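Report on the following structure.
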Amino acid sequence: GAGVSQTPSNKVTEKGKYVELRCDPISGHTALYWYRQSLGQGPEFLIYFQGTGAADDSGLPNDRFFAVRPEGSVSTLKIQRTERGDSAVYLCASSLTPWGTAIENTEAFFGQGTRLTVV
Amino acid sequence: AQKVTQAQTEISVVEKEDVTLDCVYETRDTTYYLFWYKQPPSGELVFLIRRNSFDEQNEISGRYSWNFQKSTSSFNFTITASQVVDSAVYFCALRSNFGNEKLTFGTGTRLTIIP
């Protein structure tokens, strides 16, 4: 498809379990972002990839959260030992941001998110 | 630290009325970008506008217009002749220009257009 694709759209898991959330960015977009949106709140930054590397992971809340992008395209957000407080919509976005150049004329395109519910 | 404040949690107006959504931001950066996104019930964030901090010209796009006032750190969004399809949550966001790619979002304003 032409847009950012996230799977699954909904995920219900039990407290303590491990989950993986997948993001397929727009083809050719080098930059990829993960955000988390809790109910009634704005999205909060988690991590940013430029190519295969995590350029900024300052938003990851703790070491239970990890994300990879091994081939510079698809990314997976991994959450270990899930807690009820992890319940949120996890949004992925991508943008056409060449590494090392100005980002002035790019904007991020968002997927529809994965709604994670930890019970 | 960067911060975006959208004081209006919810707004309801009757169709065809004009409505303004407020956004106030805080940043220590001299160069930055401001954004508005629309989030319909489907959940996907839809990009509406990006404004460079050096460009204080107001912008109009169809029924949408934006008023950027650097002196008051505000970037307000007005919809004229509102339509039911405008019902959504609207987010204002801020991004630094200094190699920091992340967006800082406000808490959003839920807009309901009553037919």
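Ligands are numbered from 1 in the order shown, chains are lettered A, B, ... in the order of the structure tokens, and residues start at 1 in each chain.
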
**Study point:** Exercise: stretch 94-96 of chain A partners within 6 Å, only C-alpha atoms, chain neighbours under 6 positions left out, as a PyMOL selection string
**Key:** chain A and resi 25+29-32+107-109

Per DSSP on the backbone, what are the strand (DSSP E or B) residues of chain A, as a compact mmCIF listing (two decimals) with N, CA and C atoms, in the first residue's frame?
```txt
# COMPACT_ATOMS: atom_id res chain seq x y z
N SER A 5 1.84 1.16 7.26
CA SER A 5 0.99 0.05 7.69
C SER A 5 1.46 -0.50 9.02
N GLN A 6 0.51 -0.68 9.94
CA GLN A 6 0.86 -1.23 11.25
C GLN A 6 0.03 -2.48 11.52
N THR A 7 0.71 -3.49 12.03
CA THR A 7 0.01 -4.72 12.39
C THR A 7 0.50 -5.23 13.75
N ASN A 10 -5.14 -4.40 16.52
CA ASN A 10 -5.50 -4.54 17.93
C ASN A 10 -4.76 -5.73 18.52
N LYS A 11 -4.31 -5.57 19.76
CA LYS A 11 -3.62 -6.67 20.43
C LYS A 11 -4.02 -6.66 21.90
N VAL A 12 -4.55 -7.79 22.35
CA VAL A 12 -4.87 -7.95 23.77
C VAL A 12 -3.92 -8.99 24.32
N THR A 13 -3.26 -8.67 25.41
CA THR A 13 -2.30 -9.59 25.99
C THR A 13 -2.43 -9.59 27.50
N VAL A 19 5.18 -8.85 23.74
CA VAL A 19 4.46 -8.52 22.51
C VAL A 19 5.41 -7.85 21.51
N GLU A 20 5.05 -8.02 20.25
CA GLU A 20 5.77 -7.36 19.16
C GLU A 20 4.76 -6.61 18.30
N LEU A 21 5.09 -5.38 17.98
CA LEU A 21 4.24 -4.56 17.13
C LEU A 21 5.05 -4.21 15.88
N ARG A 22 4.41 -4.34 14.73
CA ARG A 22 5.14 -4.19 13.47
C ARG A 22 4.73 -2.92 12.74
N CYS A 23 5.72 -2.32 12.07
CA CYS A 23 5.46 -1.11 11.27
C CYS A 23 6.13 -1.25 9.91
N ASP A 24 5.32 -1.08 8.85
CA ASP A 24 5.84 -1.03 7.49
C ASP A 24 5.77 0.41 7.01
N ALA A 31 13.47 7.68 7.43
CA ALA A 31 13.22 7.98 8.85
C ALA A 31 11.95 7.27 9.32
N LEU A 32 12.02 6.70 10.51
CA LEU A 32 10.87 6.00 11.08
C LEU A 32 10.78 6.34 12.56
N TYR A 33 9.55 6.57 13.01
CA TYR A 33 9.32 7.01 14.39
C TYR A 33 8.26 6.12 15.04
N TRP A 34 8.44 5.91 16.33
CA TRP A 34 7.40 5.29 17.14
C TRP A 34 6.93 6.30 18.19
N TYR A 35 5.61 6.38 18.33
CA TYR A 35 4.98 7.21 19.35
C TYR A 35 3.97 6.34 20.11
N ARG A 36 3.68 6.79 21.33
CA ARG A 36 2.66 6.11 22.13
C ARG A 36 1.60 7.14 22.52
N GLN A 37 0.34 6.76 22.35
CA GLN A 37 -0.76 7.67 22.65
C GLN A 37 -1.69 7.02 23.67
N GLU A 44 3.18 10.59 22.35
CA GLU A 44 4.45 10.86 23.01
C GLU A 44 5.55 10.08 22.29
N PHE A 45 6.63 10.77 22.01
CA PHE A 45 7.75 10.18 21.27
C PHE A 45 8.38 9.04 22.04
N LEU A 46 8.69 7.96 21.31
CA LEU A 46 9.41 6.83 21.89
C LEU A 46 10.81 6.72 21.32
N ILE A 47 10.90 6.58 19.97
CA ILE A 47 12.19 6.30 19.35
C ILE A 47 12.15 6.72 17.90
N TYR A 48 13.33 7.09 17.38
CA TYR A 48 13.47 7.53 16.00
C TYR A 48 14.62 6.77 15.35
N PHE A 49 14.36 6.21 14.18
CA PHE A 49 15.37 5.51 13.39
C PHE A 49 15.71 6.34 12.15
N GLN A 50 16.98 6.40 11.86
CA GLN A 50 17.43 6.90 10.57
C GLN A 50 18.14 5.72 9.92
N GLY A 53 19.72 2.41 12.14
CA GLY A 53 20.14 2.77 13.50
C GLY A 53 19.15 3.64 14.24
N ALA A 54 19.07 3.41 15.55
CA ALA A 54 18.22 4.25 16.39
C ALA A 54 18.98 5.54 16.70
N ALA A 55 18.56 6.63 16.07
CA ALA A 55 19.24 7.91 16.26
C ALA A 55 18.85 8.58 17.57
N ASP A 56 17.68 8.26 18.08
CA ASP A 56 17.21 8.86 19.33
C ASP A 56 16.22 7.91 19.97
N PHE A 65 11.17 -1.91 26.94
CA PHE A 65 10.84 -1.51 25.57
C PHE A 65 12.09 -1.53 24.70
N PHE A 66 11.94 -2.09 23.51
CA PHE A 66 13.06 -2.16 22.58
C PHE A 66 12.50 -2.13 21.17
N ALA A 67 13.23 -1.53 20.24
CA ALA A 67 12.78 -1.48 18.85
C ALA A 67 13.95 -1.76 17.93
N VAL A 68 13.65 -2.39 16.80
CA VAL A 68 14.68 -2.71 15.82
C VAL A 68 14.18 -2.35 14.44
N SER A 75 10.02 -2.02 10.87
CA SER A 75 10.48 -1.90 12.25
C SER A 75 9.55 -2.69 13.16
N THR A 76 10.13 -3.21 14.25
CA THR A 76 9.36 -3.93 15.25
C THR A 76 9.61 -3.31 16.61
N LEU A 77 8.53 -2.98 17.29
CA LEU A 77 8.61 -2.49 18.67
C LEU A 77 8.30 -3.68 19.57
N LYS A 78 9.20 -3.94 20.51
CA LYS A 78 9.08 -5.12 21.36
C LYS A 78 8.90 -4.67 22.81
N ILE A 79 7.93 -5.26 23.47
CA ILE A 79 7.69 -4.93 24.87
C ILE A 79 7.73 -6.22 25.68
N ALA A 88 -2.15 1.29 25.44
CA ALA A 88 -2.15 2.56 24.69
C ALA A 88 -2.25 2.22 23.21
N VAL A 89 -2.35 3.27 22.40
CA VAL A 89 -2.22 3.11 20.96
C VAL A 89 -0.78 3.44 20.59
N TYR A 90 -0.15 2.52 19.90
CA TYR A 90 1.24 2.72 19.48
C TYR A 90 1.23 3.12 18.01
N LEU A 91 1.72 4.32 17.75
CA LEU A 91 1.70 4.89 16.41
C LEU A 91 3.09 4.84 15.79
N CYS A 92 3.11 4.53 14.52
CA CYS A 92 4.36 4.56 13.77
C CYS A 92 4.22 5.62 12.68
N ALA A 93 5.31 6.28 12.37
CA ALA A 93 5.32 7.27 11.30
C ALA A 93 6.62 7.15 10.52
N SER A 94 6.58 7.59 9.27
CA SER A 94 7.80 7.61 8.49
C SER A 94 7.88 8.92 7.71
N SER A 95 9.10 9.30 7.37
CA SER A 95 9.28 10.51 6.57
C SER A 95 10.48 10.35 5.66
N PHE A 109 4.37 10.91 8.06
CA PHE A 109 3.10 10.28 7.73
C PHE A 109 2.86 9.16 8.73
N PHE A 110 1.70 9.18 9.35
CA PHE A 110 1.40 8.23 10.42
C PHE A 110 0.56 7.06 9.93
N THR A 114 -1.48 0.64 16.48
CA THR A 114 -1.85 -0.64 17.10
C THR A 114 -2.37 -0.34 18.49
N ARG A 115 -3.60 -0.76 18.73
CA ARG A 115 -4.17 -0.57 20.07
C ARG A 115 -3.78 -1.76 20.94
N LEU A 116 -2.94 -1.52 21.92
CA LEU A 116 -2.49 -2.58 22.83
C LEU A 116 -3.25 -2.48 24.14
N THR A 117 -3.84 -3.60 24.52
CA THR A 117 -4.54 -3.68 25.80
C THR A 117 -3.91 -4.79 26.62
N VAL A 118 -3.43 -4.43 27.78
CA VAL A 118 -2.83 -5.41 28.69
C VAL A 118 -3.83 -5.67 29.82
```

**Study point:** Test item: residues at most 8 Å from B:Phe105, only C-alpha atoms, excluding those fewer than 6 positions along its chain, as a ChimeraX atom specification
**Key:** /A:42-44 /B:3-4,91-94

Create the file for the chosen residues now, containing all heavy atoms and written as a PDB file, in the first residue's frame.
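Writing done, so here's selection05.pdb:
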```pdb
ATOM      1  N   GLY A  42      -2.019  13.417  23.844  1.00  0.00           N
ATOM      2  CA  GLY A  42      -1.358  13.500  22.566  1.00  0.00           C
ATOM      3  C   GLY A  42      -0.288  12.429  22.455  1.00  0.00           C
ATOM      4  O   GLY A  42       0.136  11.855  23.466  1.00  0.00           O
ATOM      5  N   PRO A  43       0.136  12.128  21.241  1.00  0.00           N
ATOM      6  CA  PRO A  43       1.200  11.145  21.068  1.00  0.00           C
ATOM      7  C   PRO A  43       2.489  11.572  21.765  1.00  0.00           C
ATOM      8  O   PRO A  43       2.839  12.753  21.766  1.00  0.00           O
ATOM      9  CB  PRO A  43       1.393  11.092  19.546  1.00  0.00           C
ATOM     10  CG  PRO A  43       0.106  11.598  18.983  1.00  0.00           C
ATOM     11  CD  PRO A  43      -0.375  12.629  19.955  1.00  0.00           C
ATOM     12  N   GLU A  44       3.179  10.591  22.348  1.00  0.00           N
ATOM     13  CA  GLU A  44       4.454  10.856  23.006  1.00  0.00           C
ATOM     14  C   GLU A  44       5.546  10.083  22.285  1.00  0.00           C
ATOM     15  O   GLU A  44       5.404   8.888  22.025  1.00  0.00           O
ATOM     16  CB  GLU A  44       4.396  10.428  24.473  1.00  0.00           C
ATOM     17  CG  GLU A  44       3.466  11.262  25.319  1.00  0.00           C
ATOM     18  CD  GLU A  44       3.432  10.783  26.754  1.00  0.00           C
ATOM     19  OE1 GLU A  44       3.272   9.579  26.972  1.00  0.00           O
ATOM     20  OE2 GLU A  44       3.581  11.627  27.652  1.00  0.00           O
TER      21      GLU A  44
ATOM     22  N   LYS B   3       7.216  22.415  25.175  1.00  0.00           N
ATOM     23  CA  LYS B   3       5.875  22.130  25.671  1.00  0.00           C
ATOM     24  C   LYS B   3       4.844  22.745  24.739  1.00  0.00           C
ATOM     25  O   LYS B   3       5.046  23.843  24.212  1.00  0.00           O
ATOM     26  CB  LYS B   3       5.689  22.701  27.079  1.00  0.00           C
ATOM     27  CG  LYS B   3       4.367  22.355  27.724  1.00  0.00           C
ATOM     28  CD  LYS B   3       4.287  22.935  29.133  1.00  0.00           C
ATOM     29  CE  LYS B   3       2.957  22.622  29.782  1.00  0.00           C
ATOM     30  NZ  LYS B   3       2.858  23.206  31.139  1.00  0.00           N
ATOM     31  N   VAL B   4       3.759  22.026  24.516  1.00  0.00           N
ATOM     32  CA  VAL B   4       2.653  22.527  23.717  1.00  0.00           C
ATOM     33  C   VAL B   4       1.377  22.432  24.549  1.00  0.00           C
ATOM     34  O   VAL B   4       1.078  21.373  25.094  1.00  0.00           O
ATOM     35  CB  VAL B   4       2.499  21.719  22.408  1.00  0.00           C
ATOM     36  CG1 VAL B   4       1.273  22.187  21.637  1.00  0.00           C
ATOM     37  CG2 VAL B   4       3.759  21.843  21.563  1.00  0.00           C
ATOM     38  N   PHE B  91      -4.495  18.083  16.851  1.00  0.00           N
ATOM     39  CA  PHE B  91      -3.285  18.211  17.658  1.00  0.00           C
ATOM     40  C   PHE B  91      -2.361  19.261  17.068  1.00  0.00           C
ATOM     41  O   PHE B  91      -2.114  19.295  15.855  1.00  0.00           O
ATOM     42  CB  PHE B  91      -2.520  16.878  17.718  1.00  0.00           C
ATOM     43  CG  PHE B  91      -3.211  15.815  18.502  1.00  0.00           C
ATOM     44  CD1 PHE B  91      -3.989  14.860  17.872  1.00  0.00           C
ATOM     45  CD2 PHE B  91      -3.080  15.776  19.880  1.00  0.00           C
ATOM     46  CE1 PHE B  91      -4.639  13.868  18.600  1.00  0.00           C
ATOM     47  CE2 PHE B  91      -3.712  14.787  20.619  1.00  0.00           C
ATOM     48  CZ  PHE B  91      -4.494  13.844  19.972  1.00  0.00           C
ATOM     49  N   CYS B  92      -1.840  20.075  17.945  1.00  0.00           N
ATOM     50  CA  CYS B  92      -0.771  21.008  17.613  1.00  0.00           C
ATOM     51  C   CYS B  92       0.535  20.356  18.064  1.00  0.00           C
ATOM     52  O   CYS B  92       0.566  19.634  19.084  1.00  0.00           O
ATOM     53  CB  CYS B  92      -1.013  22.328  18.343  1.00  0.00           C
ATOM     54  SG  CYS B  92       0.186  23.629  18.053  1.00  0.00           S
ATOM     55  N   ALA B  93       1.619  20.567  17.311  1.00  0.00           N
ATOM     56  CA  ALA B  93       2.886  19.930  17.663  1.00  0.00           C
ATOM     57  C   ALA B  93       4.051  20.857  17.336  1.00  0.00           C
ATOM     58  O   ALA B  93       3.940  21.755  16.495  1.00  0.00           O
ATOM     59  CB  ALA B  93       3.039  18.600  16.922  1.00  0.00           C
ATOM     60  N   LEU B  94       5.175  20.592  17.990  1.00  0.00           N
ATOM     61  CA  LEU B  94       6.365  21.434  17.889  1.00  0.00           C
ATOM     62  C   LEU B  94       7.583  20.553  17.640  1.00  0.00           C
ATOM     63  O   LEU B  94       7.689  19.458  18.208  1.00  0.00           O
ATOM     64  CB  LEU B  94       6.534  22.187  19.216  1.00  0.00           C
ATOM     65  CG  LEU B  94       7.820  22.965  19.499  1.00  0.00           C
ATOM     66  CD1 LEU B  94       7.916  24.167  18.577  1.00  0.00           C
ATOM     67  CD2 LEU B  94       7.832  23.420  20.953  1.00  0.00           C
TER      68      LEU B  94
END
```

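Distance-wise, atom CA of B:Ser82 and atom CA of B:Thr109 end up 15.2 Å apart.
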
Point to revise | Using only C-alpha atoms: which of A:Val119, A:Ala2, A:Val74, A:Leu39 has the shortest distance to chain B | key: A:Leu39

Point to revise | chain A contacts on chain B, only C-alpha atoms, 8 Å, as number ranges by chain | key: B: 42-47, 50, 91, 97, 101-108

Review point. Within 10 Å of B:Ser87, counting only C-alpha atoms, which residues qualify if same-chain residues fewer than 2 places away don't, as a ChimeraX atom specification?
Key: /B:11-13,38-41,82-85,89-90,110-114

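Between atom CA of B:Tyr37 and atom CA of B:Arg51 there is a distance of 12.3 Å.
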
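What separates atom CA of B:Ala88 from atom CA of B:Ser53 is a distance of 26.2 Å.
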
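Between B:Thr72 and the residues B:Glu59, B:Asp22, B:Asp86, B:Asp29, the shortest atom-to-atom distance, using only C-alpha atoms, involves B:Asp22.
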